[in-house]
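Structure first, commentary second.
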Number of protein chains: 2
Amino acid sequence: MHALTVTPGRSGSLAVAEVPDPQPAEHELLVEGLALGVCGTDKEIAAGDYGWAPPGRDRLVLGHESLGRVRHAPDGSDFTEGDLVVGVVRRPDPEPCGACAHGEFDMCRNGRYTERGIKEVDGYGSTLWTVEQDYAVRLDPGLHRTGVLLEPTSVVAKAWDEVWRVGKRAWFEPRRALVTGAGPIGLLAALLGVQRGLDVHVLDRVTDGPKPDLVRRLGATYHAEDTAEVTKKLQPDVVIEATGAGSVVFDAITGTAPYGIVCLTGVSSTGRPLRIDAGTVNRDLVLENSVVLGSVNANLRHYRAAADALAKADPSWLEDLITRRVPLDRATDAFDAREDDVKVVVMLED
Amino acid sequence: MHALTVTPGRSGSLAVAEVPDPQPAEHELLVEGLALGVCGTDKEIAAGDYGWAPPGRDRLVLGHESLGRVRHAPDGSDFTEGDLVVGVVRRPDPEPCGACAHGEFDMCRNGRYTERGIKEVDGYGSTLWTVEQDYAVRLDPGLHRTGVLLEPTSVVAKAWDEVWRVGKRAWFEPRRALVTGAGPIGLLAALLGVQRGLDVHVLDRVTDGPKPDLVRRLGATYHAEDTAEVTKKLQPDVVIEATGAGSVVFDAITGTAPYGIVCLTGVSSTGRPLRIDAGTVNRDLVLENSVVLGSVNANLRHYRAAADALAKADPSWLEDLITRRVPLDRATDAFDAREDDVKVVVMLED
């Protein structure tokens, strides 16, 4: 079969290669790959800056934003041939730590978790793949063209779940949310914020391209001004930060309403010092009982919440979030950023 | 009667003055003041930098860390003459906002709350004071010399409660806590951390005076090194930050174990810019699912938890936390910092 492979640590090693068909273990599903989403982490791996091959090998099958159709399920399985499925990315560490032992591998404490297509286990970037039934999530059949958005949606489903759990430590009826960054994570965060009944605002730098319209079609409000100005005007109860840009992060932190919650989801580059008034940041957080919350990855509960969210969403909106579809034999094209890209997807079907 | 008064906004106005005896309303207790704790907020008010007099007046009776003995309780009251009581500081805003309406005035959203001795209502710095029965907290009679520590203890009881509620959003079994700053808030935070069964470490700058020994007597470990070094060595699950110093705050934030929680309780001065690697701060928080949580003030639940904590504590340790007791007629002396001060208290009894 064909797979999108990479040698972690080696820039320029990304390639579509012939590899042996996977053999499902007894408890596993055999799945025909339909589509694979490409995100910043994939680009970091392709650039040689991140990623780990399976032990004893140099090459890793890339890809963690999956979508496929079950070709074969074990006897007595809850899955049947033809089911639309997505594979979960992370697996618990072998110890396991307390969090992994409780199914909360997204909160792994010892960092020894593995991840499909990222860390020590082959990913989903192949025309056939296998997945343990316990780590497969069934999707609404209507999502056959857009279900590849499930993994990034699981990340924002976790972010919102965290925000709510933290908010519920005392009285919490948030009204207004600001999402900073209108990439796939930001837009999906806005979708889930609207689904939670919030007055959602999205901030990005661009004034043209598909983003402003995608925001408006959600019933949310698009802003292209400075973060500090927007937060001053809006006083959001919740900020979902999806740029990872230091200045945006700190403007968001000091810009919320009292009892504000800023959920950070963007993985930023390091080594860019910023001069901030640390006393003001601290004083604001203390006197307003505000919270800054980092959130990464997702567990099965979040994948299921994300599947529900996508099933409820406007199919044409989801369709339009995927701005480019690239066939597998030209998969490397998906890694070159183009203007107006939102989510770029590699098509795995022949 | 005698009272410690101040004209907010006017530096040098702190004075012990003769004022009319208070008249309890029907639902109020009349209380003989025993002691009054002095904290940083009191000093800010005395310096003319903070505080609001009651509407229509220039002068405010100062003091919010109270201790008194009930002289008169209304018929049918749960309180009786001789009860040791502390008055709660904050009152809900008049609207009230959703938080205040739910008894969570410590999380007030509109900032229109009032505070005894700070904001628009006379404080507890007088030989007689009144308090609504609903805002009086009864203490164990054994705390007649140390119950004045209840208010600062309520602040750390809230901080710990917040940490636990936020931690419980997923699997949470913290082992090690670091408290930065060994002032009254830091030391009381350490006490409550030890009571929760944690391995508690306390960091401060001094190597002599009463602080190192007070920490050791709790069964906690004292450190006088650099914050970044201490966090690197300890990898604490929880940090209770009680210095308000920008560099300590940011060293704490980047120094926790995965799923770390930093609870900020120190109100810092503003206008001291710090150069930080904002990308590293953000990336650390995201990839480790860590939280920074501001916490201020306390509601009745926290006062009651604090009363339980003090009743369980070693009386001689609490006694030694109060390093200086000043009679009311020399109360202004309590506002001059002396080396080796931890908590300074004004004695209100004749």
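Chain labels run A, B, ... following the order of the structure tokens; each chain numbers its residues from 1, and ligands are numbered from 1 in the order shown.
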
What lies within 6 Å of range 1-9 of chain A using only C-alpha atoms, ignoring chain neighbours under 4 positions off, as a PyMOL selection string? chain A and resi 13-19+21+48-49+51-52+58-62+125-127

May I have the selected residues written with N, CA, C and O atoms, as a PDB file, in the first residue's frame?
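Contents of again_8.pdb, as written:
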ATOM      1  N   SER A  13      12.756  14.611   4.145  1.00  0.00           N
ATOM      2  CA  SER A  13      12.574  13.150   4.017  1.00  0.00           C
ATOM      3  C   SER A  13      11.124  12.752   3.747  1.00  0.00           C
ATOM      4  O   SER A  13      10.828  11.579   3.544  1.00  0.00           O
ATOM      5  N   LEU A  14      10.237  13.727   3.754  1.00  0.00           N
ATOM      6  CA  LEU A  14       8.814  13.432   3.513  1.00  0.00           C
ATOM      7  C   LEU A  14       8.628  12.830   2.125  1.00  0.00           C
ATOM      8  O   LEU A  14       9.109  13.378   1.136  1.00  0.00           O
ATOM      9  N   ALA A  15       7.923  11.702   2.041  1.00  0.00           N
ATOM     10  CA  ALA A  15       7.750  11.035   0.745  1.00  0.00           C
ATOM     11  C   ALA A  15       6.542  10.111   0.781  1.00  0.00           C
ATOM     12  O   ALA A  15       6.122   9.641   1.841  1.00  0.00           O
ATOM     13  N   VAL A  16       5.977   9.870  -0.397  1.00  0.00           N
ATOM     14  CA  VAL A  16       4.946   8.838  -0.509  1.00  0.00           C
ATOM     15  C   VAL A  16       5.652   7.557  -0.923  1.00  0.00           C
ATOM     16  O   VAL A  16       6.346   7.528  -1.943  1.00  0.00           O
ATOM     17  N   ALA A  17       5.518   6.523  -0.107  1.00  0.00           N
ATOM     18  CA  ALA A  17       6.309   5.306  -0.321  1.00  0.00           C
ATOM     19  C   ALA A  17       5.417   4.080  -0.307  1.00  0.00           C
ATOM     20  O   ALA A  17       4.312   4.079   0.234  1.00  0.00           O
ATOM     21  N   GLU A  18       5.912   3.020  -0.933  1.00  0.00           N
ATOM     22  CA  GLU A  18       5.236   1.721  -0.882  1.00  0.00           C
ATOM     23  C   GLU A  18       5.682   1.035   0.407  1.00  0.00           C
ATOM     24  O   GLU A  18       6.884   0.918   0.667  1.00  0.00           O
ATOM     25  N   VAL A  19       4.726   0.663   1.228  1.00  0.00           N
ATOM     26  CA  VAL A  19       5.061  -0.042   2.481  1.00  0.00           C
ATOM     27  C   VAL A  19       4.162  -1.270   2.592  1.00  0.00           C
ATOM     28  O   VAL A  19       3.120  -1.352   1.928  1.00  0.00           O
ATOM     29  N   ASP A  21       1.293  -3.862   3.639  1.00  0.00           N
ATOM     30  CA  ASP A  21      -0.055  -3.683   4.209  1.00  0.00           C
ATOM     31  C   ASP A  21      -0.015  -4.009   5.695  1.00  0.00           C
ATOM     32  O   ASP A  21       0.661  -4.941   6.115  1.00  0.00           O
ATOM     33  N   GLY A  48      11.787  18.141  10.121  1.00  0.00           N
ATOM     34  CA  GLY A  48      12.851  17.503  10.903  1.00  0.00           C
ATOM     35  C   GLY A  48      12.975  18.043  12.320  1.00  0.00           C
ATOM     36  O   GLY A  48      13.943  17.744  13.022  1.00  0.00           O
ATOM     37  N   ASP A  49      11.982  18.837  12.759  1.00  0.00           N
ATOM     38  CA  ASP A  49      12.086  19.481  14.065  1.00  0.00           C
ATOM     39  C   ASP A  49      11.365  18.753  15.190  1.00  0.00           C
ATOM     40  O   ASP A  49      11.385  19.195  16.346  1.00  0.00           O
ATOM     41  N   GLY A  51       9.048  14.744  16.279  1.00  0.00           N
ATOM     42  CA  GLY A  51       8.662  13.403  15.857  1.00  0.00           C
ATOM     43  C   GLY A  51       9.669  12.324  16.221  1.00  0.00           C
ATOM     44  O   GLY A  51      10.869  12.588  16.335  1.00  0.00           O
ATOM     45  N   TRP A  52       9.174  11.129  16.420  1.00  0.00           N
ATOM     46  CA  TRP A  52       9.989   9.973  16.793  1.00  0.00           C
ATOM     47  C   TRP A  52       9.507   8.762  15.986  1.00  0.00           C
ATOM     48  O   TRP A  52       8.304   8.457  15.976  1.00  0.00           O
ATOM     49  N   ASP A  58      13.808   3.848  11.333  1.00  0.00           N
ATOM     50  CA  ASP A  58      14.106   5.245  11.028  1.00  0.00           C
ATOM     51  C   ASP A  58      12.868   5.987  10.558  1.00  0.00           C
ATOM     52  O   ASP A  58      12.770   7.198  10.704  1.00  0.00           O
ATOM     53  N   ARG A  59      11.974   5.221   9.953  1.00  0.00           N
ATOM     54  CA  ARG A  59      10.889   5.872   9.227  1.00  0.00           C
ATOM     55  C   ARG A  59       9.573   5.741   9.986  1.00  0.00           C
ATOM     56  O   ARG A  59       9.291   4.714  10.604  1.00  0.00           O
ATOM     57  N   LEU A  60       8.792   6.790   9.895  1.00  0.00           N
ATOM     58  CA  LEU A  60       7.488   6.861  10.571  1.00  0.00           C
ATOM     59  C   LEU A  60       6.423   7.122   9.510  1.00  0.00           C
ATOM     60  O   LEU A  60       6.622   7.972   8.640  1.00  0.00           O
ATOM     61  N   VAL A  61       5.316   6.375   9.571  1.00  0.00           N
ATOM     62  CA  VAL A  61       4.167   6.776   8.751  1.00  0.00           C
ATOM     63  C   VAL A  61       3.563   7.994   9.421  1.00  0.00           C
ATOM     64  O   VAL A  61       3.207   7.948  10.614  1.00  0.00           O
ATOM     65  N   LEU A  62       3.487   9.097   8.696  1.00  0.00           N
ATOM     66  CA  LEU A  62       3.035  10.377   9.257  1.00  0.00           C
ATOM     67  C   LEU A  62       1.502  10.428   9.297  1.00  0.00           C
ATOM     68  O   LEU A  62       0.831   9.674   8.598  1.00  0.00           O
ATOM     69  N   GLY A 125      -1.525   8.038   7.885  1.00  0.00           N
ATOM     70  CA  GLY A 125      -1.347   8.552   6.518  1.00  0.00           C
ATOM     71  C   GLY A 125      -1.075   7.441   5.520  1.00  0.00           C
ATOM     72  O   GLY A 125      -0.027   7.443   4.868  1.00  0.00           O
ATOM     73  N   SER A 126      -2.018   6.512   5.382  1.00  0.00           N
ATOM     74  CA  SER A 126      -1.825   5.378   4.472  1.00  0.00           C
ATOM     75  C   SER A 126      -3.181   4.910   3.954  1.00  0.00           C
ATOM     76  O   SER A 126      -4.218   5.190   4.562  1.00  0.00           O
ATOM     77  N   THR A 127      -3.149   4.216   2.846  1.00  0.00           N
ATOM     78  CA  THR A 127      -4.413   3.794   2.216  1.00  0.00           C
ATOM     79  C   THR A 127      -5.118   2.721   3.034  1.00  0.00           C
ATOM     80  O   THR A 127      -6.326   2.538   2.905  1.00  0.00           O
TER      81      THR A 127
END

Could you pull the residues within 9 Å of range 296-305 of chain A, counting only C-alpha atoms, minus those fewer than 4 positions along the same chain, as JSON, numbers by chain? {"A": [88, 89, 90, 103, 104, 105, 106, 107, 134, 135, 136, 137, 138, 139, 150, 151, 152, 153, 154, 155, 156, 157, 158, 159, 161, 264, 265, 266, 267, 309, 310], "B": [286, 287, 288, 289]}

So how far away is CA of Ile240 in chain A from CA of Gly279 in chain B, in Å?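 Between CA of Gly279 in chain B and CA of Ile240 in chain A the gap works out to 16.4 Å.
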
Please identify the strand (DSSP E or B) residues within range 71-236 of chain B (assignment by DSSP from backbone atoms) and present them as a ChimeraX atom specification. /B:71-72,84-87,90-91,114-116,119-121,126,128-132,136-138,176-180,199-203,221-223

Go ahead and save the picked residues with C-alpha atoms, as a PDB file, in the first residue's frame.
ATOM      1  CA  ARG B  71     -20.954  41.268  74.299  1.00  0.00           C
ATOM      2  CA  HIS B  72     -24.548  41.104  73.143  1.00  0.00           C
ATOM      3  CA  LEU B  84     -15.105  34.287  70.224  1.00  0.00           C
ATOM      4  CA  VAL B  85     -15.932  35.680  66.761  1.00  0.00           C
ATOM      5  CA  VAL B  86     -14.374  37.066  63.621  1.00  0.00           C
ATOM      6  CA  GLY B  87     -16.212  39.316  61.172  1.00  0.00           C
ATOM      7  CA  ARG B  90     -16.583  41.542  52.172  1.00  0.00           C
ATOM      8  CA  ARG B  91     -20.300  42.123  51.589  1.00  0.00           C
ATOM      9  CA  THR B 114     -18.098  46.655  49.945  1.00  0.00           C
ATOM     10  CA  GLU B 115     -15.430  45.658  52.472  1.00  0.00           C
ATOM     11  CA  ARG B 116     -15.178  46.342  56.188  1.00  0.00           C
ATOM     12  CA  LYS B 119     -14.165  49.884  50.945  1.00  0.00           C
ATOM     13  CA  GLU B 120     -17.043  52.086  52.112  1.00  0.00           C
ATOM     14  CA  VAL B 121     -17.791  50.381  55.435  1.00  0.00           C
ATOM     15  CA  SER B 126     -12.142  49.600  67.400  1.00  0.00           C
ATOM     16  CA  LEU B 128     -16.370  47.828  70.118  1.00  0.00           C
ATOM     17  CA  TRP B 129     -17.799  46.807  66.780  1.00  0.00           C
ATOM     18  CA  THR B 130     -20.976  45.367  65.350  1.00  0.00           C
ATOM     19  CA  VAL B 131     -21.437  42.658  62.765  1.00  0.00           C
ATOM     20  CA  GLU B 132     -24.415  41.004  61.088  1.00  0.00           C
ATOM     21  CA  ALA B 136     -19.798  36.452  61.964  1.00  0.00           C
ATOM     22  CA  VAL B 137     -17.763  33.256  62.298  1.00  0.00           C
ATOM     23  CA  ARG B 138     -17.462  31.553  65.690  1.00  0.00           C
ATOM     24  CA  ARG B 176       4.525  18.232  46.501  1.00  0.00           C
ATOM     25  CA  ALA B 177       3.706  21.887  47.015  1.00  0.00           C
ATOM     26  CA  LEU B 178       5.946  24.910  46.939  1.00  0.00           C
ATOM     27  CA  VAL B 179       4.951  28.097  48.715  1.00  0.00           C
ATOM     28  CA  THR B 180       6.840  31.189  47.559  1.00  0.00           C
ATOM     29  CA  ASP B 199       5.152  17.478  51.069  1.00  0.00           C
ATOM     30  CA  VAL B 200       5.421  21.247  51.528  1.00  0.00           C
ATOM     31  CA  HIS B 201       8.400  23.451  50.678  1.00  0.00           C
ATOM     32  CA  VAL B 202       8.610  27.153  51.430  1.00  0.00           C
ATOM     33  CA  LEU B 203      10.887  29.603  49.678  1.00  0.00           C
ATOM     34  CA  THR B 221      11.250  22.331  54.169  1.00  0.00           C
ATOM     35  CA  TYR B 222      12.706  25.816  53.994  1.00  0.00           C
ATOM     36  CA  HIS B 223      14.637  27.087  50.943  1.00  0.00           C
TER      37      HIS B 223
END

Given a cut-off of 6 Å, which residues of chain A touch chain B, counting only C-alpha atoms, written out as an NGL selection string? :A and (99 or 109 or 165-166 or 169 or 171 or 246 or 258 or 264-265 or 267-280 or 283 or 285-287 or 289-296)

Emit the selected residues as an mmCIF file, in the first residue's frame, including N, CA and C atoms.
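Dumped everything to out04.cif:
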data_model
loop_
_atom_site.group_PDB
_atom_site.id
_atom_site.type_symbol
_atom_site.label_atom_id
_atom_site.label_comp_id
_atom_site.auth_asym_id
_atom_site.auth_seq_id
_atom_site.Cartn_x
_atom_site.Cartn_y
_atom_site.Cartn_z
ATOM 1 N N ALA A 99 -2.877 9.491 35.668
ATOM 2 C CA ALA A 99 -3.803 10.061 34.684
ATOM 3 C C ALA A 99 -4.090 9.031 33.591
ATOM 4 N N ARG A 109 1.337 12.291 32.927
ATOM 5 C CA ARG A 109 2.285 12.989 33.797
ATOM 6 C C ARG A 109 3.744 12.692 33.475
ATOM 7 N N ARG A 165 -15.165 23.135 33.270
ATOM 8 C CA ARG A 165 -14.860 22.522 34.571
ATOM 9 C C ARG A 165 -14.175 23.524 35.499
ATOM 10 N N VAL A 166 -13.263 24.302 34.953
ATOM 11 C CA VAL A 166 -12.569 25.303 35.761
ATOM 12 C C VAL A 166 -13.538 26.428 36.140
ATOM 13 N N ARG A 169 -15.917 26.016 39.198
ATOM 14 C CA ARG A 169 -15.440 26.019 40.581
ATOM 15 C C ARG A 169 -16.230 27.005 41.436
ATOM 16 N N TRP A 171 -19.748 30.182 40.776
ATOM 17 C CA TRP A 171 -20.849 30.528 39.863
ATOM 18 C C TRP A 171 -20.281 30.909 38.495
ATOM 19 N N GLY A 246 3.152 35.289 21.562
ATOM 20 C CA GLY A 246 3.343 35.805 22.918
ATOM 21 C C GLY A 246 2.562 37.072 23.225
ATOM 22 N N PRO A 258 -13.732 40.166 34.851
ATOM 23 C CA PRO A 258 -13.436 39.493 36.115
ATOM 24 C C PRO A 258 -13.866 38.018 36.047
ATOM 25 N N LEU A 264 -5.229 28.448 26.706
ATOM 26 C CA LEU A 264 -4.160 28.483 25.704
ATOM 27 C C LEU A 264 -4.112 27.144 24.975
ATOM 28 N N THR A 265 -4.172 27.206 23.640
ATOM 29 C CA THR A 265 -4.111 25.962 22.857
ATOM 30 C C THR A 265 -3.013 26.010 21.800
ATOM 31 N N VAL A 267 0.682 26.148 20.289
ATOM 32 C CA VAL A 267 2.051 25.801 20.662
ATOM 33 C C VAL A 267 2.982 26.784 19.975
ATOM 34 N N SER A 268 3.620 27.624 20.777
ATOM 35 C CA SER A 268 4.390 28.725 20.201
ATOM 36 C C SER A 268 5.862 28.387 20.049
ATOM 37 N N SER A 269 6.508 29.159 19.217
ATOM 38 C CA SER A 269 7.962 29.104 19.129
ATOM 39 C C SER A 269 8.534 29.757 20.374
ATOM 40 N N THR A 270 9.705 29.299 20.779
ATOM 41 C CA THR A 270 10.331 29.881 21.953
ATOM 42 C C THR A 270 11.447 30.826 21.490
ATOM 43 N N GLY A 271 12.051 31.502 22.449
ATOM 44 C CA GLY A 271 13.206 32.339 22.147
ATOM 45 C C GLY A 271 12.867 33.694 21.557
ATOM 46 N N ARG A 272 11.636 34.147 21.796
ATOM 47 C CA ARG A 272 11.300 35.513 21.363
ATOM 48 C C ARG A 272 10.887 36.322 22.570
ATOM 49 N N PRO A 273 11.865 36.914 23.264
ATOM 50 C CA PRO A 273 11.550 37.616 24.517
ATOM 51 C C PRO A 273 10.580 38.775 24.290
ATOM 52 N N LEU A 274 9.753 38.961 25.275
ATOM 53 C CA LEU A 274 8.734 39.996 25.234
ATOM 54 C C LEU A 274 8.871 40.768 26.540
ATOM 55 N N ARG A 275 8.754 42.097 26.465
ATOM 56 C CA ARG A 275 8.864 42.907 27.667
ATOM 57 C C ARG A 275 7.454 43.110 28.192
ATOM 58 N N ILE A 276 7.161 42.562 29.350
ATOM 59 C CA ILE A 276 5.802 42.710 29.884
ATOM 60 C C ILE A 276 5.856 43.273 31.295
ATOM 61 N N ASP A 277 4.745 43.900 31.701
ATOM 62 C CA ASP A 277 4.639 44.378 33.064
ATOM 63 C C ASP A 277 4.105 43.210 33.902
ATOM 64 N N ALA A 278 5.049 42.425 34.426
ATOM 65 C CA ALA A 278 4.684 41.197 35.140
ATOM 66 C C ALA A 278 3.806 41.502 36.344
ATOM 67 N N GLY A 279 4.067 42.647 36.991
ATOM 68 C CA GLY A 279 3.262 43.026 38.150
ATOM 69 C C GLY A 279 1.802 43.232 37.769
ATOM 70 N N THR A 280 1.565 43.871 36.633
ATOM 71 C CA THR A 280 0.189 44.099 36.180
ATOM 72 C C THR A 280 -0.492 42.774 35.832
ATOM 73 N N ARG A 283 -1.202 41.040 39.191
ATOM 74 C CA ARG A 283 -2.233 41.769 39.953
ATOM 75 C C ARG A 283 -3.621 41.569 39.333
ATOM 76 N N LEU A 285 -4.647 39.035 37.461
ATOM 77 C CA LEU A 285 -5.098 37.660 37.683
ATOM 78 C C LEU A 285 -5.610 37.492 39.111
ATOM 79 N N VAL A 286 -4.858 38.032 40.072
ATOM 80 C CA VAL A 286 -5.237 37.848 41.478
ATOM 81 C C VAL A 286 -6.547 38.578 41.776
ATOM 82 N N LEU A 287 -6.584 39.878 41.500
ATOM 83 C CA LEU A 287 -7.732 40.691 41.930
ATOM 84 C C LEU A 287 -9.004 40.317 41.178
ATOM 85 N N ASN A 289 -9.607 37.063 40.183
ATOM 86 C CA ASN A 289 -9.808 35.608 40.291
ATOM 87 C C ASN A 289 -9.774 34.950 38.910
ATOM 88 N N SER A 290 -8.869 35.401 38.071
ATOM 89 C CA SER A 290 -8.845 34.904 36.701
ATOM 90 C C SER A 290 -7.911 33.706 36.562
ATOM 91 N N VAL A 291 -8.083 32.987 35.466
ATOM 92 C CA VAL A 291 -7.354 31.741 35.250
ATOM 93 C C VAL A 291 -6.744 31.715 33.849
ATOM 94 N N VAL A 292 -5.534 31.214 33.772
ATOM 95 C CA VAL A 292 -4.910 30.891 32.491
ATOM 96 C C VAL A 292 -4.661 29.386 32.505
ATOM 97 N N LEU A 293 -5.120 28.746 31.462
ATOM 98 C CA LEU A 293 -5.227 27.293 31.453
ATOM 99 C C LEU A 293 -4.607 26.787 30.166
ATOM 100 N N GLY A 294 -3.591 25.933 30.256
ATOM 101 C CA GLY A 294 -3.043 25.314 29.062
ATOM 102 C C GLY A 294 -3.799 24.035 28.749
ATOM 103 N N SER A 295 -4.027 23.779 27.456
ATOM 104 C CA SER A 295 -4.764 22.565 27.095
ATOM 105 C C SER A 295 -4.174 21.980 25.825
ATOM 106 N N VAL A 296 -3.889 20.695 25.854
ATOM 107 C CA VAL A 296 -3.321 20.022 24.690
ATOM 108 C C VAL A 296 -3.933 18.631 24.582
#

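The space between CA of Leu328 in chain A and CA of Val342 in chain A spans 18.7 Å.
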
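Interatomic distance, CA of Ala46 in chain B to CA of Asp122 in chain B: 14.3 Å.
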
DSSP on the backbone, helix (DSSP H, G or I) only: what residues of range 152-314 of chain A does that give? Format it as a PyMOL selection string. chain A and resi 152-167+184-195+211-217+227-234+246-253+278-287+300-312
